[in-house]
>>> print(open('query11.cif').read())   # mmCIF, C-alpha atoms (C1' of nucleotides)
data_target
#
loop_
_atom_site.label_atom_id
_atom_site.label_comp_id
_atom_site.auth_asym_id
_atom_site.auth_seq_id
_atom_site.Cartn_x
_atom_site.Cartn_y
_atom_site.Cartn_z
CA MET T 1 -18.90 -24.08 -93.78
CA LYS T 2 -19.61 -23.76 -90.09
CA ARG T 3 -20.73 -20.25 -89.24
CA GLN T 4 -18.13 -19.82 -86.53
CA THR T 5 -15.40 -20.68 -89.03
CA LEU T 6 -16.76 -18.13 -91.50
CA PHE T 7 -16.73 -15.39 -88.88
CA LEU T 8 -13.26 -16.29 -87.61
CA ASN T 9 -11.94 -16.31 -91.15
CA MET T 10 -13.51 -12.91 -91.72
CA PHE T 11 -11.70 -11.74 -88.58
CA SER T 12 -8.39 -13.15 -89.78
CA ALA T 13 -8.76 -11.54 -93.19
CA MET T 14 -9.17 -8.10 -91.60
CA LEU T 15 -6.42 -8.66 -89.03
CA ASP T 16 -3.95 -9.89 -91.63
CA ALA T 17 -4.63 -6.88 -93.84
CA LEU T 18 -4.73 -4.17 -91.17
CA GLY T 19 -2.80 -5.43 -88.15
CA PRO T 20 -3.92 -5.10 -84.51
CA SER T 21 -5.84 -1.99 -83.47
CA ARG T 22 -4.91 -1.64 -79.77
CA TRP T 23 -8.30 -0.25 -78.76
CA TRP T 24 -9.82 1.54 -76.85
CA PRO T 25 -7.49 4.57 -76.65
CA ALA T 26 -8.10 5.59 -73.00
CA ASP T 27 -6.08 5.62 -69.77
CA SER T 28 -8.80 4.26 -67.48
CA PRO T 29 -12.28 2.71 -67.51
CA PHE T 30 -13.70 6.08 -66.49
CA GLU T 31 -12.01 7.95 -69.30
CA MET T 32 -13.14 5.23 -71.68
CA ALA T 33 -16.77 5.65 -70.61
CA VAL T 34 -16.56 9.42 -71.09
CA GLY T 35 -15.21 8.83 -74.58
CA ALA T 36 -18.05 6.42 -75.31
CA ILE T 37 -20.64 9.14 -74.65
CA LEU T 38 -18.69 11.78 -76.53
CA THR T 39 -18.20 9.69 -79.66
CA GLN T 40 -21.92 9.07 -80.23
CA ASN T 41 -22.47 9.79 -83.92
CA THR T 42 -19.23 11.76 -83.87
CA ASN T 43 -15.77 11.54 -85.39
CA TRP T 44 -13.15 10.30 -82.91
CA GLY T 45 -10.76 13.14 -83.74
CA ASN T 46 -13.27 15.63 -82.34
CA VAL T 47 -13.63 13.53 -79.20
CA GLU T 48 -9.87 13.62 -78.62
CA ARG T 49 -9.98 17.41 -78.51
CA ALA T 50 -12.82 17.36 -76.01
CA ILE T 51 -11.03 14.87 -73.74
CA ALA T 52 -7.84 16.91 -73.98
CA ASN T 53 -9.83 19.94 -72.78
CA LEU T 54 -11.15 17.98 -69.81
CA ARG T 55 -7.68 16.74 -68.88
CA GLN T 56 -6.22 20.21 -69.29
CA ALA T 57 -8.89 21.57 -66.95
CA GLY T 58 -8.09 18.85 -64.42
CA VAL T 59 -11.64 17.50 -64.33
CA LEU T 60 -11.18 14.06 -65.87
CA ALA T 61 -12.40 12.23 -62.76
CA PRO T 62 -15.91 11.24 -61.64
CA ARG T 63 -16.28 13.68 -58.72
CA SER T 64 -14.70 16.77 -60.26
CA LEU T 65 -16.48 16.27 -63.56
CA PHE T 66 -19.82 15.96 -61.79
CA ALA T 67 -19.10 19.11 -59.81
CA LEU T 68 -18.82 21.20 -62.97
CA PRO T 69 -21.89 23.26 -63.91
CA ASP T 70 -23.60 21.97 -67.04
CA ASP T 71 -22.70 24.99 -69.15
CA ALA T 72 -19.02 24.87 -68.14
CA LEU T 73 -18.88 21.18 -68.98
CA ALA T 74 -20.62 21.82 -72.29
CA GLU T 75 -18.06 24.46 -73.19
CA LEU T 76 -15.15 22.10 -72.55
CA ILE T 77 -16.61 19.34 -74.71
CA ARG T 78 -17.79 21.65 -77.49
CA PRO T 79 -15.45 20.14 -80.14
CA ALA T 80 -17.23 16.78 -79.80
CA GLY T 81 -20.49 18.22 -81.14
CA TYR T 82 -23.99 17.94 -79.59
CA PHE T 83 -22.20 19.50 -76.65
CA ARG T 84 -25.19 20.60 -74.53
CA LEU T 85 -26.86 17.24 -75.02
CA LYS T 86 -23.68 15.33 -74.20
CA ALA T 87 -23.01 17.45 -71.12
CA ARG T 88 -26.36 16.26 -69.77
CA ARG T 89 -25.68 12.68 -70.76
CA LEU T 90 -22.31 12.74 -69.02
CA LYS T 91 -23.96 14.11 -65.91
CA ASN T 92 -26.52 11.31 -66.01
CA LEU T 93 -23.74 8.72 -66.21
CA LEU T 94 -21.79 10.45 -63.44
CA ALA T 95 -24.82 10.56 -61.16
CA PHE T 96 -25.05 6.80 -61.58
CA VAL T 97 -21.32 6.14 -61.08
CA ASN T 98 -21.00 8.44 -58.07
CA GLY T 99 -24.34 7.62 -56.52
CA GLU T 100 -24.53 3.87 -57.03
CA LEU T 101 -20.93 2.75 -57.59
CA ASP T 102 -19.09 5.02 -55.15
CA GLY T 103 -17.30 6.72 -58.02
CA ASP T 104 -15.79 3.49 -59.30
CA ILE T 105 -17.22 2.41 -62.65
CA ALA T 106 -14.94 -0.65 -62.62
CA ALA T 107 -17.14 -2.04 -59.84
CA LEU T 108 -19.73 -2.79 -62.55
CA GLY T 109 -17.27 -5.21 -64.11
CA ARG T 110 -17.60 -7.54 -61.13
CA GLU T 111 -21.33 -7.98 -61.58
CA ASP T 112 -23.22 -10.36 -63.83
CA MET T 113 -22.83 -8.98 -67.35
CA ALA T 114 -26.56 -8.90 -68.18
CA VAL T 115 -27.22 -7.01 -64.94
CA ALA T 116 -24.39 -4.56 -65.58
CA ARG T 117 -25.72 -3.98 -69.10
CA GLN T 118 -29.23 -3.27 -67.82
CA ARG T 119 -27.91 -0.82 -65.24
CA LEU T 120 -26.00 1.08 -67.92
CA LEU T 121 -29.03 1.12 -70.24
CA ALA T 122 -31.09 2.62 -67.43
CA VAL T 123 -28.95 5.79 -67.66
CA SER T 124 -30.59 8.29 -70.02
CA GLY T 125 -28.12 8.87 -72.84
CA VAL T 126 -26.60 5.39 -72.69
CA GLY T 127 -28.02 3.25 -75.47
CA PRO T 128 -27.10 -0.29 -76.49
CA GLU T 129 -23.94 0.57 -78.39
CA THR T 130 -22.57 2.86 -75.69
CA ALA T 131 -23.38 0.27 -73.02
CA ASP T 132 -21.70 -2.54 -74.93
CA SER T 133 -18.64 -0.38 -75.62
CA ILE T 134 -18.26 0.38 -71.93
CA LEU T 135 -18.73 -3.29 -70.99
CA LEU T 136 -16.22 -4.50 -73.55
CA TYR T 137 -13.55 -1.81 -73.72
CA GLY T 138 -13.91 -0.26 -70.29
CA LEU T 139 -14.72 -3.23 -68.09
CA GLY T 140 -13.29 -6.16 -70.05
CA MET T 141 -16.56 -8.06 -70.36
CA PRO T 142 -17.47 -10.15 -73.45
CA SER T 143 -20.27 -7.98 -74.88
CA PHE T 144 -20.06 -7.59 -78.66
CA VAL T 145 -20.47 -4.03 -79.98
CA ALA T 146 -22.83 -3.92 -82.95
CA ASP T 147 -22.50 -0.40 -84.34
CA ALA T 148 -23.41 1.24 -87.63
CA TYR T 149 -20.29 -0.18 -89.29
CA THR T 150 -21.13 -3.69 -88.17
CA ALA T 151 -24.63 -3.25 -89.62
CA ARG T 152 -23.41 -1.83 -92.92
CA ILE T 153 -20.69 -4.39 -93.48
CA SER T 154 -22.97 -7.25 -92.44
CA SER T 155 -25.83 -6.21 -94.71
CA ARG T 156 -23.54 -5.55 -97.67
CA HIS T 157 -22.22 -9.06 -97.34
CA GLY T 158 -25.67 -10.58 -96.90
CA LEU T 159 -25.17 -11.76 -93.32
CA LEU T 160 -28.37 -10.01 -92.26
CA PRO T 161 -31.03 -7.88 -93.95
CA GLU T 162 -30.26 -4.16 -93.82
CA GLU T 163 -33.26 -3.48 -91.60
CA ALA T 164 -32.02 -5.81 -88.83
CA GLY T 165 -32.15 -4.27 -85.37
CA TYR T 166 -29.32 -3.76 -82.91
CA ASP T 167 -29.96 -6.77 -80.70
CA GLU T 168 -30.43 -9.04 -83.69
CA LEU T 169 -27.05 -8.01 -85.05
CA ARG T 170 -25.33 -8.38 -81.69
CA GLU T 171 -26.77 -11.84 -81.20
CA LEU T 172 -25.64 -12.90 -84.66
CA PHE T 173 -22.02 -12.22 -83.75
CA MET T 174 -22.26 -13.47 -80.17
CA ASP T 175 -23.90 -16.72 -81.24
CA ALA T 176 -21.34 -17.28 -83.97
CA LEU T 177 -18.23 -16.45 -81.95
CA PRO T 178 -16.70 -17.81 -78.74
CA ARG T 179 -17.25 -15.50 -75.75
CA ASP T 180 -13.78 -14.00 -75.79
CA VAL T 181 -13.05 -10.42 -74.72
CA SER T 182 -9.89 -10.04 -76.80
CA LEU T 183 -11.63 -11.39 -79.89
CA TYR T 184 -14.67 -9.08 -79.50
CA ASN T 185 -12.35 -6.16 -78.84
CA GLU T 186 -10.26 -6.59 -81.96
CA PHE T 187 -13.17 -7.72 -84.14
CA HIS T 188 -15.18 -4.57 -83.56
CA ALA T 189 -12.12 -2.35 -83.90
CA LEU T 190 -11.35 -3.93 -87.27
CA LEU T 191 -14.95 -3.49 -88.43
CA VAL T 192 -14.76 0.23 -87.63
CA ARG T 193 -11.49 0.57 -89.53
CA VAL T 194 -12.89 -1.27 -92.56
CA GLY T 195 -16.05 0.85 -92.34
CA ASN T 196 -14.08 4.09 -92.25
CA GLY T 197 -11.63 3.10 -94.93
CA TRP T 198 -13.59 1.07 -97.48
CA CYS T 199 -17.19 0.25 -96.62
CA ARG T 200 -18.49 3.81 -96.99
CA PRO T 201 -22.23 4.66 -97.07
CA ARG T 202 -22.33 6.34 -100.51
CA ALA T 203 -18.97 5.60 -102.08
CA PRO T 204 -17.78 2.12 -101.14
CA ARG T 205 -14.29 1.15 -102.25
CA CYS T 206 -15.03 -2.53 -102.51
CA GLU T 207 -12.26 -3.40 -104.98
CA THR T 208 -9.45 -2.88 -102.47
CA CYS T 209 -11.41 -3.73 -99.31
CA PRO T 210 -9.75 -6.28 -97.00
CA LEU T 211 -12.99 -8.27 -97.25
CA ALA T 212 -13.18 -8.09 -101.06
CA GLY T 213 -14.07 -11.49 -102.46
CA PHE T 214 -14.13 -12.98 -98.98
CA PHE T 215 -17.80 -13.87 -98.83
CA PRO T 216 -19.25 -16.32 -101.36
"C1'" DT S 1 -19.88 22.47 -101.04
"C1'" DG S 2 -22.20 18.52 -98.97
"C1'" DC S 3 -21.32 14.26 -96.78
"C1'" DC S 4 -19.91 11.90 -92.95
"C1'" DA S 5 -18.60 10.73 -88.14
"C1'" DG S 6 -17.34 4.52 -83.17
"C1'" DG S 7 -26.25 7.22 -81.32
"C1'" DC S 8 -29.92 8.24 -78.45
"C1'" DC S 9 -34.13 10.33 -76.78
"C1'" DG S 10 -38.85 11.81 -76.84
"C1'" DG S 11 -43.04 12.50 -79.06
"C1'" DG S 12 -46.10 11.16 -82.55
"C1'" DT S 13 -48.42 7.64 -85.25
"C1'" DA E 1 -43.84 -1.40 -82.17
"C1'" DC E 2 -41.83 1.57 -85.41
"C1'" DC E 3 -40.79 6.38 -87.39
"C1'" DC E 4 -38.87 10.81 -87.27
"C1'" DG E 5 -36.87 15.38 -85.87
"C1'" DG E 6 -33.44 17.20 -83.09
"C1'" DC E 7 -28.89 17.52 -81.53
"C1'" DA E 8 -23.51 20.29 -83.58
"C1'" DT E 9 -18.56 20.28 -84.44
"C1'" DG E 10 -14.71 19.57 -87.72
"C1'" DG E 11 -12.22 16.99 -91.67
"C1'" DC E 12 -12.23 15.87 -96.24
#
>>> encode(input="query11.cif", output="structure tokens")
Amino acid sequence: MKRQTLFLNMFSAMLDALGPSRWWPADSPFEMAVGAILTQNTNWGNVERAIANLRQAGVLAPRSLFALPDDALAELIRPAGYFRLKARRLKNLLAFVNGELDGDIAALGREDMAVARQRLLAVSGVGPETADSILLYGLGMPSFVADAYTARISSRHGLLPEEAGYDELRELFMDALPRDVSLYNEFHALLVRVGNGWCRPRAPRCETCPLAGFFP
DNA sequence: TGCCAGGCCGGGT
DNA sequence: ACCCGGCATGGC
């Protein structure tokens, strides 16, 4: 079977079983980017609390958030964990957005995607997954997000060895699939949902997984 | 109770 | 070029 067909069938199997995800839950590209930093190695429920705190404090905008002292910002995002570290990372991103993009992160979306990706990666605290999330979900660019779930599900199904690196994994999906923003969006969202629900690190529930028996 | 969560950086080999 | 310790809260 053609590899693209295999991947699209995998997508359909998850979509049929779970329905559309309607990701990313954010009101603006800026809020999305903030969420991308806050959710690093962290449960989304904790991130929601942190974002609610920022909104409540009226600082969910590039200038006002940057104006907050580090320790005040850290206190507001405490529920998201790693809060001192993430306060610094947010400040790094904000310095870039305010200083180089005139406070408008959406301006990045009008650049060449590889250039936009490199500029995001140059911000300390923005790694490949965070950058790709912002490109895809925040800016609507076709950059596939290859996170820990993608790696786990892929290796369990023998698509790649477990030790495969981030870029290798991303290229596997991007080479196999058409460059389509909506497809990448929903595909990654479904992988996360399968990873949270069935493809667990220690206790996989493979019997009832939407991908059970899908791969040869 | 321990495991897990939509990673990344910096320093050491 | 890899490997590892550190970072931290909250749900199950």
>>> resolve_selection(input="query11.cif", expression="the PyMOL selection byres ((chain T) within 6 of (chain E))", output="number ranges by chain")
T: 79-82
>>> write_last_selection(input="query11.cif", atoms="C-alpha atoms", output="tab-separated table (two decimals), in the frame of the given file")
chain	number	residue	atom	x	y	z
T	79	PRO	CA	-15.45	20.14	-80.14
T	80	ALA	CA	-17.23	16.78	-79.80
T	81	GLY	CA	-20.49	18.22	-81.14
T	82	TYR	CA	-23.99	17.94	-79.59
>>> interface_residues(input="query11.cif", of="chain T", to="chain S", cutoff="9 Å", atoms="all atoms listed in the file", output="list in words")
Ala36, Ile37, Thr39, Gln40, Asn41, Thr42, Asn43, Trp44, Ser124, Gly125, Val126, Gly127, Pro128, Glu129, Thr130, Asp147, Ala148, Tyr149, Ala189, Val192, Pro201 and Arg202 of chain T
>>> atom_distance(input="query11.cif", atom1="CA of Ile77 in chain T", atom2="CA of Leu120 in chain T")
21.6 Å
>>> resolve_selection(input="query11.cif", expression="the PyMOL selection byres ((chain T and resi 135-146) around 6)", output="short mmCIF file (atom, residue, chain, number, x, y, z; two decimals) with C-alpha atoms, in the frame of the given file")
data_model
loop_
_atom_site.label_atom_id
_atom_site.label_comp_id
_atom_site.auth_asym_id
_atom_site.auth_seq_id
_atom_site.Cartn_x
_atom_site.Cartn_y
_atom_site.Cartn_z
CA TRP T 24 -9.82 1.54 -76.85
CA PRO T 29 -12.28 2.71 -67.51
CA MET T 32 -13.14 5.23 -71.68
CA GLY T 109 -17.27 -5.21 -64.11
CA GLU T 129 -23.94 0.57 -78.39
CA ASP T 132 -21.70 -2.54 -74.93
CA SER T 133 -18.64 -0.38 -75.62
CA ILE T 134 -18.26 0.38 -71.93
CA ASP T 147 -22.50 -0.40 -84.34
CA THR T 150 -21.13 -3.69 -88.17
CA ARG T 170 -25.33 -8.38 -81.69
CA ARG T 179 -17.25 -15.50 -75.75
CA ASP T 180 -13.78 -14.00 -75.79
CA VAL T 181 -13.05 -10.42 -74.72
CA TYR T 184 -14.67 -9.08 -79.50
#
>>> resolve_selection(input="query11.cif", expression="the PyMOL selection byres ((chain T and resi 14) around 12)", output="PyMOL selection string")
chain T and resi 7-13+15-21+186-195+197-198+209-212+214
>>> atom_distance(input="query11.cif", atom1="CA of Ala95 in chain T", atom2="CA of Leu73 in chain T")
14.5 Å
>>> closest_residue(input="query11.cif", among="T:Val59, T:Ala33, T:Leu54, T:Asp27", to="Val97 in chain T", atoms="only C-alpha atoms")
T:Ala33
>>> atom_distance(input="query11.cif", atom1="CA of Ser28 in chain T", atom2="CA of Arg119 in chain T")
19.9 Å
